[in-house]
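Participant: Dropping a structure here in C-alpha cells format, bear with me for questions.
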Amino acid sequence: MSLFSKVAKKVTDVATFIEEHASASTLKYMAGNDVTHRLYFPVHIDETGKPIPYVFEAPIHTWGSNKNNYGSCMCTKGIDDGDKFDGSCPVCDRLEDASAIVDYLKAEVDAACTLTGDDRTKYLDEQGKKIWGDRKVSAARSKYYVALAMLNCGKDGRTLADDDKPKFTIKIAAWTENSMMKILTALTERDEEPNIGGLEFKLKYGSQPELASRVGQVAVTWVDKEKMLVKPGTPLAAEIAAALENFDFEHSIQLCRRETAEKTPAELQRQMDKLFQAWDTYKAELAVNPNAKYLECAGTAVITEKAAPPSGAPAGALISGPQAGTLGGEVRSGINP
C-alpha cells in the first residue's frame, strides 16, 4: 500500500469538503498582536423565550508540553448512551499515573542535583514546574465556546474601518475560565449584570512574542451601551442577526475546534495505552525487579555548581549523562535492570 493511500482521504462531496474546511479557518477566533479587537456578543432565543448569548461549556483534557498541547479531547466521564459511551473516561483513569510520573521525575532531578542553597531551591523549583507542565495528561478543565461578531475596526477598535472589507465576521472563540472571568469582571466592575449577551467589549492585546502571554495579559473593557456600534434597531444589528439566522452553532464549533471531535472511550483507551506504554512496562518490571528504571523522560545526569553545559545547551540543562545538554526531556524508552 502506498503512502498516499494511507494518508489521503476519499472525498465524495468536494464542494462541501472545501466549504467546511474554509469555514473552519475563518470561524476560529484568534488573539491579536498589538491591536484592539472590538467584539459583539449576539443572542438567540432559548426554549423559554429568553434571549441568551451563544455559549457552550465543555470539559477538555489536554496532553503534551508547556508550549505544545499535541493532544486534546472532551472528557467522557459520566456519558452513558448504552452504546459507544459507557460512562468511563480513559483519560481520567490515567491522571494518577500522570502524577506518579511527575513525582518520579522530580525525585530523579532532585537526586541528581548537587547544587546547594538558593541555587538548588531555584533550580528544583524551575525543573518541577517544567515537569508538571509536561505531564502526560491533565485533568479536564472547562472551555467556553462563544459565538461572536468581530467588528472590522481600526487598530484602536474605536470605529468601523472605512474599507471594502465586511463590517463584521462571525467567529467562534474557545476561552478558558480565566478568560471568561476577565470579560465578566469588566461588567461587574461597572455594576452591570454579568451577562454578555447583546453587549460589546474591547480586547486590547499587547505585542508579546508568546501567544500565551498576549492572551494572559489582554486588557478587557466593556463598551458603554450608548457608545455601542451594534445598537438594537441599527442596520448593523440587523445584518448580524441575518447572518446568524440559520447559524448552526454546534456544528460550527466542531468544524473549527479539533478537541470537540467525537472520541469514544474505546478510541481514547487506545491512545492512553500508547501514551503510557513505557510507564506500564516500567511498573510491570518493577514488580519483579526493584532496580527497574523508567527512562522515557528521565535523566541520569549529575548537576554541579562548576560544570558548564555543552555548547549551545539551554539554560539549566543537564551537565552529564545520556541526556547532557538537554533539559531531560529526550524520549528514551526501555528498562535498565
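Letters A, B, ... go to the chains of the C-alpha cells in the order shown; residues in each chain start at 1; ligands are counted from 1 in the same order.
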Please, which residues of stretch 195-250 of chain A, numbered as in this document, come out helix (DSSP H, G or I) from DSSP, as a list in words?
Facilitator: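 DSSP on the backbone gives helix (DSSP H, G or I) at Leu211, Ala212, Ser213, Arg214, Val215, Gly216, Lys225, Glu226, Lys227, Pro235, Leu236, Ala237, Ala238, Glu239, Ile240, Ala241, Ala242, Ala243, Phe249 and Glu250 of chain A.
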Participant: Please produce a file of the residues just selected, as a PDB file, in the first residue's frame, where the atoms kept are C-alpha atoms.
Facilitator:
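part15.pdb, freshly written:
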```pdb
ATOM      1  CA  LEU A 211       0.710  33.956  22.317  1.00  0.00           C
ATOM      2  CA  ALA A 212       0.044  32.739  25.857  1.00  0.00           C
ATOM      3  CA  SER A 213       1.423  36.000  27.251  1.00  0.00           C
ATOM      4  CA  ARG A 214      -0.755  38.124  24.962  1.00  0.00           C
ATOM      5  CA  VAL A 215      -3.841  36.146  25.956  1.00  0.00           C
ATOM      6  CA  GLY A 216      -2.979  36.176  29.652  1.00  0.00           C
ATOM      7  CA  LYS A 225     -24.382  50.892  25.699  1.00  0.00           C
ATOM      8  CA  GLU A 226     -24.640  54.425  24.389  1.00  0.00           C
ATOM      9  CA  LYS A 227     -21.337  54.054  22.537  1.00  0.00           C
ATOM     10  CA  PRO A 235     -28.705  48.318  10.140  1.00  0.00           C
ATOM     11  CA  LEU A 236     -25.535  46.669  11.524  1.00  0.00           C
ATOM     12  CA  ALA A 237     -27.529  44.837  14.182  1.00  0.00           C
ATOM     13  CA  ALA A 238     -29.951  43.654  11.501  1.00  0.00           C
ATOM     14  CA  GLU A 239     -27.063  42.409   9.310  1.00  0.00           C
ATOM     15  CA  ILE A 240     -25.568  40.394  12.168  1.00  0.00           C
ATOM     16  CA  ALA A 241     -28.966  38.920  13.030  1.00  0.00           C
ATOM     17  CA  ALA A 242     -29.455  37.920   9.384  1.00  0.00           C
ATOM     18  CA  ALA A 243     -26.034  36.259   9.278  1.00  0.00           C
ATOM     19  CA  PHE A 249     -23.597  26.844  16.463  1.00  0.00           C
ATOM     20  CA  GLU A 250     -22.770  23.284  17.491  1.00  0.00           C
TER      21      GLU A 250
END
```
Participant: DSSP on the backbone: which residues in stretch 103-244 of chain A end up as strand (DSSP E or B)? Give the answer as a VMD selection string.
Facilitator: chain A and resid 113 141 to 151 153 160 168 to 176 200 to 205 219 to 222
Participant: Go through A:Lys155, A:Lys263, A:Lys283, A:Arg94 one by one, measure the shortest atom-to-atom distance of each to A:Ser138 using only C-alpha atoms, and give the residue with the smallest value.
Facilitator: A:Arg94
Participant: Select from stretch 25-76 of chain A every residue with an atom at most 12 Å from any atom of stretch 176-179 of chain A, then for each give the shortest pair of atoms and their distance in Å to one decimal, using only C-alpha atoms, rows by chain and rising number, as CSV.
Facilitator:
```
residue,atom,partner,partner_atom,distance
A:Ala31,CA,A:Ser179,CA,11.5
A:Phe56,CA,A:Thr176,CA,11.8
A:Glu57,CA,A:Glu177,CA,9.6
A:Ala58,CA,A:Thr176,CA,10.3
A:Pro59,CA,A:Thr176,CA,10.3
A:Ile60,CA,A:Thr176,CA,10.0
```
Participant: One decimal, in Å: what's the spacing between atom CA of A:Lys293 and atom CA of A:Asp125?
Facilitator: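 Distance reported for this atom pair: 23.2 Å.
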